[in-house]
Structures are given as C-alpha cells and as structure tokens.
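Notes follow the structure.
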Amino acid sequence: MDPTRAFVKSVKRVIVKVGTAVVTRSDGRLALGRLGALCEQLKELNDKDYEVILVTSGAVGLGRQRLRYRRLVNSSFSDLQNPQGDLDGKACAAVGQSSLMALYDIMFSQLDVTSSQLLVNDGFFRDTAFRKQLSDTVSALLDLRIIPIFNENDAVSTRKASYEGKNCLQDSSGIFWDNDSLAGLLALELKADLLVLLSDVEGLYSGPPSDPKSKLIHTYVKEKHQSEITFGEKSTYGRGGMTAKVNAAVCAAFAGTPVIITRHEFCTFADLKLHFNRHGSGFATDNIIRVLRGERIGTIFHKDAHLWTSIKEVSAHDMAVAARHSSRRLQLLNSEERRKILLAIADALENSEGSIRLENGADVADAEEIGYDRALISRLTLRPEKISSLVKSVRLLANMEEPIGQILKRTELADKLVLEKISCPLGVLLVIFESRPDALVQIAALAIRSGNGLLLKGGKEAKRSNAILHKLDDTIDLVVPRGSNKLVSQIKDATKIPVLGHADGICHVYVDKSANIDMAKQIIRDAKADYPAACNAMETLLVHEDLSRNGGLVELVAELQREGVKVYGGPRASALLNIAGTKSYHLEYSSLACTVEIVDDVFAAIDHIHQHGSAHTECIVAEDCEVAEAFLRQVDSAAVFHNASTRFCDGARFGLGAEVGISTSRIHARGPVGVEGLLTNRWILRGSGHVVNGDRGITYTHKNLPIKA
C-alpha cells in the first residue's frame, strides 16, 4: 500500500461521484458498459460493509437524447429541412432524471442491490432542518444497505451563473453549482471518510492530458500546484470539467474529507489511444476498488499533504538517472565496504524475521481476499525456511570473490602496448516483479555486489511499468521481469531495452526405459511437489513406451497422485490410463498438476521438448550413459540434468549466492543469473605514445600474457 494512501484502511463511508463524461458517450448516448462496471464495483463495496453513496450526473444528456429522438419521429420532412432549435435544458433534465434513475434501478436490481433517489437543490442546504433530515434519511438508508443516489434537480433550478471564478463549494447565489461541488458538500454534510471523483482522465495533470509533456500529479499540494497547473478545455459533456473537480476537491479535503480524482474507464477511442501511448496495454474498470486497496492511482487531495515527505514528484527518467549515479558511487566502494553492507543486510533479515512474517501475513490475507490464484499466493508467502535461505544467500554473496575490476584477459598487441579485458557492472537494472518479496532482497544484494544501479517495481501493475519501458531506453541497460508469463510477455513486447528472463517455465522430466524406477519416482515427486509454483517445477513427464507395458508408467503416475498431483494425459497416456486429456502440451500449471505422455525413445522425447518446451530446465532419468549423453548434448535448454530434480535450477543451489532470475535467452546470460550475469566488460589499453598511422611503423605481436590479480 502506498504510504500516502494508508488512511483508506479506516474508510467506512465513501461517496463516489460520476460526471456526464463518464455516464454518456461522445454521441450523447448512455455508456452502458461503464455504468455496469460502476454498479458492480459499488455492489462489491456494499457487500464488504462500506457505506456507499453515489452522486451522478447525466440526466440532462440522457433527456436530450430522448427528446431529440421524439422530435425526430414527430417531424415532417419539411420540418427537417429547417434549422432545429436547441432543446430546453429544464425539459431535458425532467425527462432524463426519471430515465437515469430507472436505469440505475434496473442495473442494481440485477445485482441484488437496492438503490434510492434523492434530488436536491442548492437552496435546500440553507435550511438547517433540511440538512438534519437529509443526514437522518441517508443514515437510515445506509443502515438498510441501500445505496442513496444524489443528483441536482436541474429541472427546477433557478441558477444561471457560470461556475468559473466561484469559491469552493458556494457561489453568490447559493451553496453549490454543479454535481462536483454537490459531492464535496455532501462529503462534509454526511461526514464521509472519502470522496472519489471519477473522471474521463487518470487524474490531475500539470497541463492538458493530451500534451505529452504533462505529468500526472499523484499528490496535490495547494501551495505548490495551485499556481503551476494549466487547465485544458472545460468538459464538453457537462458543466464542470477538471477545474470544477479540483475546486471541489480542495475545499472538501481542507475541510477534513480526503478526495481522490481518478479515471473510471476509457470514455472515447481518443482516450484509449492516449492511455496506450502513455502506459501501454491495460484497462481501468476497477479503480474504485483499487483506491480502497490503497493503490497509488489518480490524484489525492488531503489536508496534511503538505506535511508528507514523499510529495516530491520524481519522474521515471530522473529515478533512472539517479540510479546510474548511484551505480558509479557504488563502484567507488572497495570490496570490503560492499561486503559489510551485505552482511548488515543479512543480520537485519535474521533479526527482523518476526516483523517480516507479520507484515507478509497481512499481504497474504489481502491477496486471498482479493482472490489471487494459489500459485501467486504461494510465491508471495515468506515462510521461515525462505527467510533463512535468503539470509544464507546474502552472506554467501558477501563472502564471494570481488567480481568488479577482474582482469579477464591480457594481450600484448605490440611492444609496450598491452590490452586488458576487465569485468564491470552493466549499469542500471530495472527489475519488475509480481508477488515475490524474496526477489527484492536477492536482487538488491546482487546489485550491491555487482556494483549495478537498481530500479525496482513491485506489484502486479505491469501496465504502468510500460510507461518506464517506452521512455527510458537511454538510461536503463537491462530489464529483468520476475513474475507470470503474462507479465514477462507484456514487458518483452513493450520495450526496446534488452530483457533478461523467461516467459514460461515448462520443464520436462524424461524417464528412459533404462531408469531405476525408485530413483525416477523420487525425482519426479520432488520436481513436481517440492514447490509447484516455482518456474523450475516439472510440468510434463515423458515416459519411454516400454514402461507403459511393464508397469513402470503406472508406478510413476501413482507416485504423483499420492502427492495430490492431478495428472492429465497426452493422447497415448490418456487412452492407456483412462485419465483426462491435457488441453495443451505448452502449459505451465504452477500448481499440483502436470501432463504425462508416452514417447517412443529418447529422440522422440528430445523432439517433444523442442516442440513444446520453453528452453528452461529438462531432466533425463536413465542408467544408460549413452542415452543420457545424447539427451544432455542435444536438448537445447538453459539447464539440462541427468538423474537430478529440475528444482536444482536455482542461483543459490548453483552456488551463485542469489539469482536475479533465470534466463532462457541465448545472448549474454543463460540459466540462473547471479553476479556474473550482471557484469559486462571494458577494454583498457596501456601504451607509450603509440599511434596507428596507417599501421606503418608498428609490428603487431598479439601475444597472450599472464593474467595479473
């Protein structure tokens, strides 16, 4: 949870305001999809015992649409040849109010939620008795889990003044001017804990959102932003626009009710295109829920915002530049200084295990409540043995040989002209990880040991990571995604920066006819059941056809089933064993499930792996050394094992100290990537006034020299 959003944990009563631009489409018709998504979110909040109040616009737009249609069907051809006058706004409001409420009633009824309508005018709020009765009525409705829906009664409103130039929630003719200021006023009158103003943009920008130079302001600080913001055109759909929202938000926030302005959903194709240009793929249909989870979306207005130390808006580019400077400063430290830093990290992890597990338990509980899948929750959970393993990994890294500045090769190019190849950090790493808190520790420790600058992006919001990936190819040297295959694939598609990692972990174990069956059972049990959510867990078991005739296949499947593994078969295995067929061979279960198939021999197994695998980790169980060597030589994967579980494919188990990830790439690093995979090299040439001069007067020797420490 973002620290600036911690207050949402105590939110009980929330007011949600939707504007005309959210309720209607650009052609004036109702945006039924957006309204449906809105009602579903409010139903979810209602079910979680939030007190939900809705303030809605859109009645005038809906009424205008219906009256235009009525005028059209009642007009003669000659009438249509003449200019059509504007429809009366009051009449549009009167027609639209009943239609809009009927629509909300139908949608909420489908969700087994009861709603109620409350039409108000500004003059009502001058009456103290009315204000008390309003509060009592709303409290009674909320006690019955009924959602009150507020709208200004435009049909009988007498005000004609413009909102612009008015102060806060009150103008010279009354209390409020539009539904933004109405929502702000209700937040104070009804003592709401939070006001969410839904818009057709993602929040408040420093300038018009269509301007690429404009930046989203996450935290509004009146003293800083009031004079800096340039507003674009007012809303073409309703009376308010962003100016009205900011005015209402500032007044409500400074009176004690926090406000968040955020997007409900894309309102036009142009909005969708703008979002893709800024952030890549992804849709915003659950922003109210995400606000109440404490996610950092939209713009927050809070009376204490000026006191927060994290209010400075830092661009992704600035962070990347700072990381590069940090990398250079880190390289100035000697090996012993970086070693002490790592040992201090290991000690802190060990001493803080109790508090770490407490906080992790809260994260796991939130993930279970949200409904994340079991594999993700398993990766999220920090068990005592995982913390202990982290401590050991960091200490192992601390005590490793110094990796930076090592002379890898020395060559005499000519007399007194010596070339050295020296190890050095890559530069700046961007690591994006889903539900892997242990990855943070491993990656940070590796970055310190290897002298690399580091940018970390945790959480599942890959679509916002794309904003960094599109813009920072000049400051970031390597991207390392740690998470689901969807996350990795999205990142690979979204950036020109080199990506180190793997999208899928479809690991195979092939049991040959020469295998020791007891050994095979032990290996496949470990490969599948030790940690099913791991990327190095077995997903497909291939078995030599001879074992299908001598009972070996049945023993292997029974061993898996005893561990609670759901076994799916390929065509041959499912027919023989009478088990459900697999949907695909290219399937990463990440759970207690796997595919089993029968193959003719080791070469058929190799072909199957090349056709359906992900080039991650494969294993052969065989006593025939000639067969095993054929498998080890020909299988083109990052890691290939003989008579050993696929679970050994891990940086710590390989003695690398820790791993930044496992790479299936064939360029730079492959397999578990530790310190060495985060290094590149530089060339240092030492001469005595040597010049090329067309290669005249120089004799090249190209002699290999001993490497000096």
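If you're wondering about the labels, chains in the structure tokens are A, B, ... by order shown, residues count from 1 in each chain, ligands from 1 in order shown.
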
Near A:Gly453, counting only C-alpha atoms, which residues have an atom at most 9 Å away, once you skip same-chain residues fewer than 5 positions from it, shown as a CSV table (one decimal) with C-alpha atoms, in the first residue's frame?
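Saved the output as around20.csv:
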```
chain,number,residue,atom,x,y,z
A,320,ALA,CA,16.9,6.1,-13.7
A,322,ALA,CA,19.9,8.8,-10.1
A,323,ALA,CA,20.3,5.0,-10.3
A,324,ARG,CA,23.1,5.4,-12.8
A,325,HIS,CA,24.9,7.9,-10.5
A,326,SER,CA,24.4,5.5,-7.6
A,327,SER,CA,26.0,2.7,-9.6
A,328,ARG,CA,29.1,4.8,-10.2
A,330,LEU,CA,28.8,2.1,-5.5
A,425,PRO,CA,28.8,-3.7,-14.0
A,426,LEU,CA,26.2,-3.5,-16.7
A,427,GLY,CA,24.9,-0.1,-15.4
A,428,VAL,CA,21.3,0.3,-14.4
A,429,LEU,CA,18.9,-2.6,-13.9
A,430,LEU,CA,15.1,-2.3,-14.0
A,447,ALA,CA,23.1,-5.2,-7.4
A,448,ILE,CA,25.3,-4.2,-4.4
```

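For stretch 694-708 of chain A, the list of residues within 12 Å, based on only C-alpha atoms and with local chain neighbours fewer than 2 positions off taken out, reads Gly405, Gln406, Ile407, Leu408, Lys409, Arg410, Thr411, Glu412, Leu413, Ala414, Asp415, Lys416, Leu417, Val418, Leu419, Glu420, Lys421, Ile422, Gly689, His690, Val691 and Val692 of chain A.
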
Selection export as a PDB file, in the first residue's frame, atoms kept: N, CA, C and O atoms:
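Contents of result08.pdb, freshly written:
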```
ATOM      1  N   GLY A 405      36.198  -5.309 -11.724  1.00  0.00           N
ATOM      2  CA  GLY A 405      37.591  -4.951 -11.994  1.00  0.00           C
ATOM      3  C   GLY A 405      38.523  -6.127 -12.157  1.00  0.00           C
ATOM      4  O   GLY A 405      39.750  -5.950 -12.142  1.00  0.00           O
ATOM      5  N   GLN A 406      37.977  -7.325 -12.310  1.00  0.00           N
ATOM      6  CA  GLN A 406      38.821  -8.501 -12.522  1.00  0.00           C
ATOM      7  C   GLN A 406      39.375  -8.493 -13.952  1.00  0.00           C
ATOM      8  O   GLN A 406      38.650  -8.241 -14.922  1.00  0.00           O
ATOM      9  N   ILE A 407      40.666  -8.763 -14.079  1.00  0.00           N
ATOM     10  CA  ILE A 407      41.276  -8.841 -15.418  1.00  0.00           C
ATOM     11  C   ILE A 407      40.958 -10.214 -15.997  1.00  0.00           C
ATOM     12  O   ILE A 407      41.364 -11.242 -15.455  1.00  0.00           O
ATOM     13  N   LEU A 408      40.209 -10.219 -17.078  1.00  0.00           N
ATOM     14  CA  LEU A 408      39.777 -11.476 -17.686  1.00  0.00           C
ATOM     15  C   LEU A 408      40.758 -11.972 -18.741  1.00  0.00           C
ATOM     16  O   LEU A 408      40.855 -13.181 -18.989  1.00  0.00           O
ATOM     17  N   LYS A 409      41.450 -11.016 -19.353  1.00  0.00           N
ATOM     18  CA  LYS A 409      42.401 -11.394 -20.409  1.00  0.00           C
ATOM     19  C   LYS A 409      43.396 -10.264 -20.607  1.00  0.00           C
ATOM     20  O   LYS A 409      43.041  -9.091 -20.524  1.00  0.00           O
ATOM     21  N   ARG A 410      44.681 -10.632 -20.832  1.00  0.00           N
ATOM     22  CA  ARG A 410      45.711  -9.640 -21.140  1.00  0.00           C
ATOM     23  C   ARG A 410      46.399 -10.048 -22.434  1.00  0.00           C
ATOM     24  O   ARG A 410      46.783 -11.197 -22.613  1.00  0.00           O
ATOM     25  N   THR A 411      46.529  -9.061 -23.332  1.00  0.00           N
ATOM     26  CA  THR A 411      47.117  -9.342 -24.642  1.00  0.00           C
ATOM     27  C   THR A 411      48.119  -8.254 -24.999  1.00  0.00           C
ATOM     28  O   THR A 411      47.812  -7.056 -24.903  1.00  0.00           O
ATOM     29  N   GLU A 412      49.310  -8.663 -25.414  1.00  0.00           N
ATOM     30  CA  GLU A 412      50.270  -7.703 -25.956  1.00  0.00           C
ATOM     31  C   GLU A 412      49.951  -7.510 -27.428  1.00  0.00           C
ATOM     32  O   GLU A 412      50.078  -8.427 -28.229  1.00  0.00           O
ATOM     33  N   LEU A 413      49.505  -6.291 -27.790  1.00  0.00           N
ATOM     34  CA  LEU A 413      49.210  -6.016 -29.194  1.00  0.00           C
ATOM     35  C   LEU A 413      50.482  -5.711 -29.977  1.00  0.00           C
ATOM     36  O   LEU A 413      50.618  -6.095 -31.147  1.00  0.00           O
ATOM     37  N   ALA A 414      51.379  -5.001 -29.326  1.00  0.00           N
ATOM     38  CA  ALA A 414      52.683  -4.667 -29.909  1.00  0.00           C
ATOM     39  C   ALA A 414      53.629  -4.388 -28.756  1.00  0.00           C
ATOM     40  O   ALA A 414      53.234  -4.424 -27.582  1.00  0.00           O
ATOM     41  N   ASP A 415      54.850  -4.126 -29.050  1.00  0.00           N
ATOM     42  CA  ASP A 415      55.826  -3.877 -27.993  1.00  0.00           C
ATOM     43  C   ASP A 415      55.366  -2.713 -27.118  1.00  0.00           C
ATOM     44  O   ASP A 415      55.102  -1.609 -27.610  1.00  0.00           O
ATOM     45  N   LYS A 416      55.237  -2.945 -25.808  1.00  0.00           N
ATOM     46  CA  LYS A 416      54.810  -1.957 -24.812  1.00  0.00           C
ATOM     47  C   LYS A 416      53.388  -1.426 -25.052  1.00  0.00           C
ATOM     48  O   LYS A 416      53.055  -0.351 -24.572  1.00  0.00           O
ATOM     49  N   LEU A 417      52.585  -2.173 -25.766  1.00  0.00           N
ATOM     50  CA  LEU A 417      51.169  -1.823 -25.980  1.00  0.00           C
ATOM     51  C   LEU A 417      50.323  -3.011 -25.517  1.00  0.00           C
ATOM     52  O   LEU A 417      50.256  -4.047 -26.192  1.00  0.00           O
ATOM     53  N   VAL A 418      49.726  -2.888 -24.324  1.00  0.00           N
ATOM     54  CA  VAL A 418      49.056  -4.014 -23.668  1.00  0.00           C
ATOM     55  C   VAL A 418      47.555  -3.736 -23.537  1.00  0.00           C
ATOM     56  O   VAL A 418      47.147  -2.674 -23.040  1.00  0.00           O
ATOM     57  N   LEU A 419      46.728  -4.690 -23.943  1.00  0.00           N
ATOM     58  CA  LEU A 419      45.267  -4.600 -23.884  1.00  0.00           C
ATOM     59  C   LEU A 419      44.751  -5.505 -22.772  1.00  0.00           C
ATOM     60  O   LEU A 419      45.157  -6.670 -22.670  1.00  0.00           O
ATOM     61  N   GLU A 420      43.874  -4.958 -21.927  1.00  0.00           N
ATOM     62  CA  GLU A 420      43.281  -5.739 -20.841  1.00  0.00           C
ATOM     63  C   GLU A 420      41.758  -5.747 -20.983  1.00  0.00           C
ATOM     64  O   GLU A 420      41.147  -4.710 -21.259  1.00  0.00           O
ATOM     65  N   LYS A 421      41.190  -6.914 -20.789  1.00  0.00           N
ATOM     66  CA  LYS A 421      39.731  -7.076 -20.755  1.00  0.00           C
ATOM     67  C   LYS A 421      39.317  -7.187 -19.288  1.00  0.00           C
ATOM     68  O   LYS A 421      39.745  -8.104 -18.589  1.00  0.00           O
ATOM     69  N   ILE A 422      38.505  -6.231 -18.791  1.00  0.00           N
ATOM     70  CA  ILE A 422      38.211  -6.113 -17.363  1.00  0.00           C
ATOM     71  C   ILE A 422      36.707  -6.193 -17.126  1.00  0.00           C
ATOM     72  O   ILE A 422      35.909  -5.605 -17.874  1.00  0.00           O
ATOM     73  N   GLY A 689      52.689   6.202 -26.150  1.00  0.00           N
ATOM     74  CA  GLY A 689      52.686   7.134 -27.275  1.00  0.00           C
ATOM     75  C   GLY A 689      52.421   6.469 -28.608  1.00  0.00           C
ATOM     76  O   GLY A 689      52.729   7.040 -29.665  1.00  0.00           O
ATOM     77  N   HIS A 690      51.836   5.274 -28.595  1.00  0.00           N
ATOM     78  CA  HIS A 690      51.586   4.544 -29.835  1.00  0.00           C
ATOM     79  C   HIS A 690      50.542   5.255 -30.689  1.00  0.00           C
ATOM     80  O   HIS A 690      49.562   5.789 -30.167  1.00  0.00           O
ATOM     81  N   VAL A 691      50.750   5.223 -32.014  1.00  0.00           N
ATOM     82  CA  VAL A 691      49.778   5.742 -32.981  1.00  0.00           C
ATOM     83  C   VAL A 691      49.626   4.719 -34.096  1.00  0.00           C
ATOM     84  O   VAL A 691      50.512   3.885 -34.331  1.00  0.00           O
ATOM     85  N   VAL A 692      48.474   4.785 -34.807  1.00  0.00           N
ATOM     86  CA  VAL A 692      48.224   3.829 -35.891  1.00  0.00           C
ATOM     87  C   VAL A 692      48.984   4.239 -37.148  1.00  0.00           C
ATOM     88  O   VAL A 692      49.742   3.453 -37.726  1.00  0.00           O
TER      89      VAL A 692
END
```

Quick one: residues within 10 Å of A:Gln442, only C-alpha atoms, excluding same-chain residues fewer than 2 positions away - as number ranges by chain?
A: 390-391, 393-394, 397, 437-440, 444-447, 651-652, 657-661, 674

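Among the candidates A:Arg525, A:His508, A:Arg25, A:Arg293, the one nearest to A:His608 when counting only C-alpha atoms is A:His508.
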
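Taking only stretch 2-44 of chain A, the residues that DSSP calls strand (DSSP E or B) from the backbone come to Arg13, Val14, Ile15, Val16, Lys17, Val18, Thr24 and Leu30 of chain A.
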
Take the residues from that selection and write them out as a short mmCIF file (atom, residue, chain, number, x, y, z; two decimals), in the first residue's frame, keeping N, CA and C atoms.
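Contents of the output file again.cif:
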```cif
data_model
loop_
_atom_site.label_atom_id
_atom_site.label_comp_id
_atom_site.auth_asym_id
_atom_site.auth_seq_id
_atom_site.Cartn_x
_atom_site.Cartn_y
_atom_site.Cartn_z
N ARG A 13 -17.37 5.21 5.22
CA ARG A 13 -18.39 5.85 4.38
C ARG A 13 -17.69 6.53 3.21
N VAL A 14 -18.05 6.14 2.00
CA VAL A 14 -17.40 6.67 0.80
C VAL A 14 -18.46 7.21 -0.16
N ILE A 15 -18.18 8.39 -0.70
CA ILE A 15 -19.04 9.00 -1.72
C ILE A 15 -18.33 8.90 -3.06
N VAL A 16 -19.04 8.41 -4.07
CA VAL A 16 -18.50 8.29 -5.42
C VAL A 16 -19.30 9.21 -6.33
N LYS A 17 -18.59 10.06 -7.07
CA LYS A 17 -19.27 10.97 -7.98
C LYS A 17 -18.88 10.65 -9.41
N VAL A 18 -19.87 10.46 -10.29
CA VAL A 18 -19.62 10.22 -11.71
C VAL A 18 -20.19 11.38 -12.51
N THR A 24 -22.14 9.23 -20.11
CA THR A 24 -22.56 9.23 -21.51
C THR A 24 -21.37 9.10 -22.44
N LEU A 30 -26.05 6.79 -23.61
CA LEU A 30 -25.54 6.26 -22.35
C LEU A 30 -24.40 5.27 -22.58
#
```

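The space between atom CA of A:Asn179 and atom CA of A:Ile53 spans 13.2 Å.
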
In Å, how far is it from atom CA of A:Ile288 to atom CA of A:Leu111?
17.3 Å

List as an NGL selection string the protein and nucleic acid residues near A:Leu45, meaning an atom at most 10 Å away when only C-alpha atoms are counted, but skip any in the same chain fewer than 5 places from it.
:A and (12 or 14 or 39-40 or 50-52 or 288-289 or 292)

Write a file of the just-selected residues containing C-alpha atoms, as a PDB file, in the first residue's frame.
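To be explicit, this is the file written out as result-v1.pdb:
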```
ATOM      1  CA  LYS A  12     -16.150   3.323   6.160  1.00  0.00           C
ATOM      2  CA  VAL A  14     -17.403   6.666   0.798  1.00  0.00           C
ATOM      3  CA  CYS A  39     -22.613  -0.655 -10.378  1.00  0.00           C
ATOM      4  CA  GLU A  40     -20.615  -3.878  -9.993  1.00  0.00           C
ATOM      5  CA  TYR A  50     -18.756   0.002   3.127  1.00  0.00           C
ATOM      6  CA  GLU A  51     -21.409   2.706   3.311  1.00  0.00           C
ATOM      7  CA  VAL A  52     -21.690   3.756  -0.328  1.00  0.00           C
ATOM      8  CA  ILE A 288     -12.799   2.497  -7.085  1.00  0.00           C
ATOM      9  CA  ILE A 289     -11.815  -0.894  -5.678  1.00  0.00           C
ATOM     10  CA  LEU A 292      -9.796   1.467  -1.425  1.00  0.00           C
TER      11      LEU A 292
END
```

Sorted by chain and rising residue number, which residues of stretch 15-92 of chain A lie within 9 Å of stretch 147-156 of chain A, and what are their closest atom pairs and distances in Å to one decimal, counting only C-alpha atoms, as CSV?
```
residue,atom,partner,partner_atom,distance
A:Leu42,CA,A:Ile147,CA,8.6
A:Asn46,CA,A:Ile147,CA,8.1
A:Glu51,CA,A:Ile147,CA,7.9
A:Val52,CA,A:Ile147,CA,5.9
A:Ile53,CA,A:Pro148,CA,5.3
A:Leu54,CA,A:Ile149,CA,4.8
A:Val55,CA,A:Phe150,CA,4.6
A:Thr56,CA,A:Asn151,CA,5.6
A:Ser57,CA,A:Asn151,CA,6.4
A:Ala59,CA,A:Asn151,CA,8.4
A:Val60,CA,A:Asp154,CA,7.9
A:Gly89,CA,A:Ala155,CA,7.6
A:Lys90,CA,A:Ala155,CA,4.3
A:Ala91,CA,A:Ala155,CA,6.5
A:Cys92,CA,A:Ala155,CA,7.7
```

In Å, how far is it from atom CA of A:Gly19 to atom CA of A:Gly58?
6.8 Å

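With only C-alpha atoms as the atoms that count, the minimum distance from A:Asn351 to the choices A:Thr257, A:Ser388, A:Leu100, A:Val565 is reached by A:Ser388.
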
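Distance annotation: of A:Leu67, A:Arg145, A:Arg549, A:Lys340, the residue with the minimal separation from A:Val113 is A:Arg145; atom set is only C-alpha atoms.
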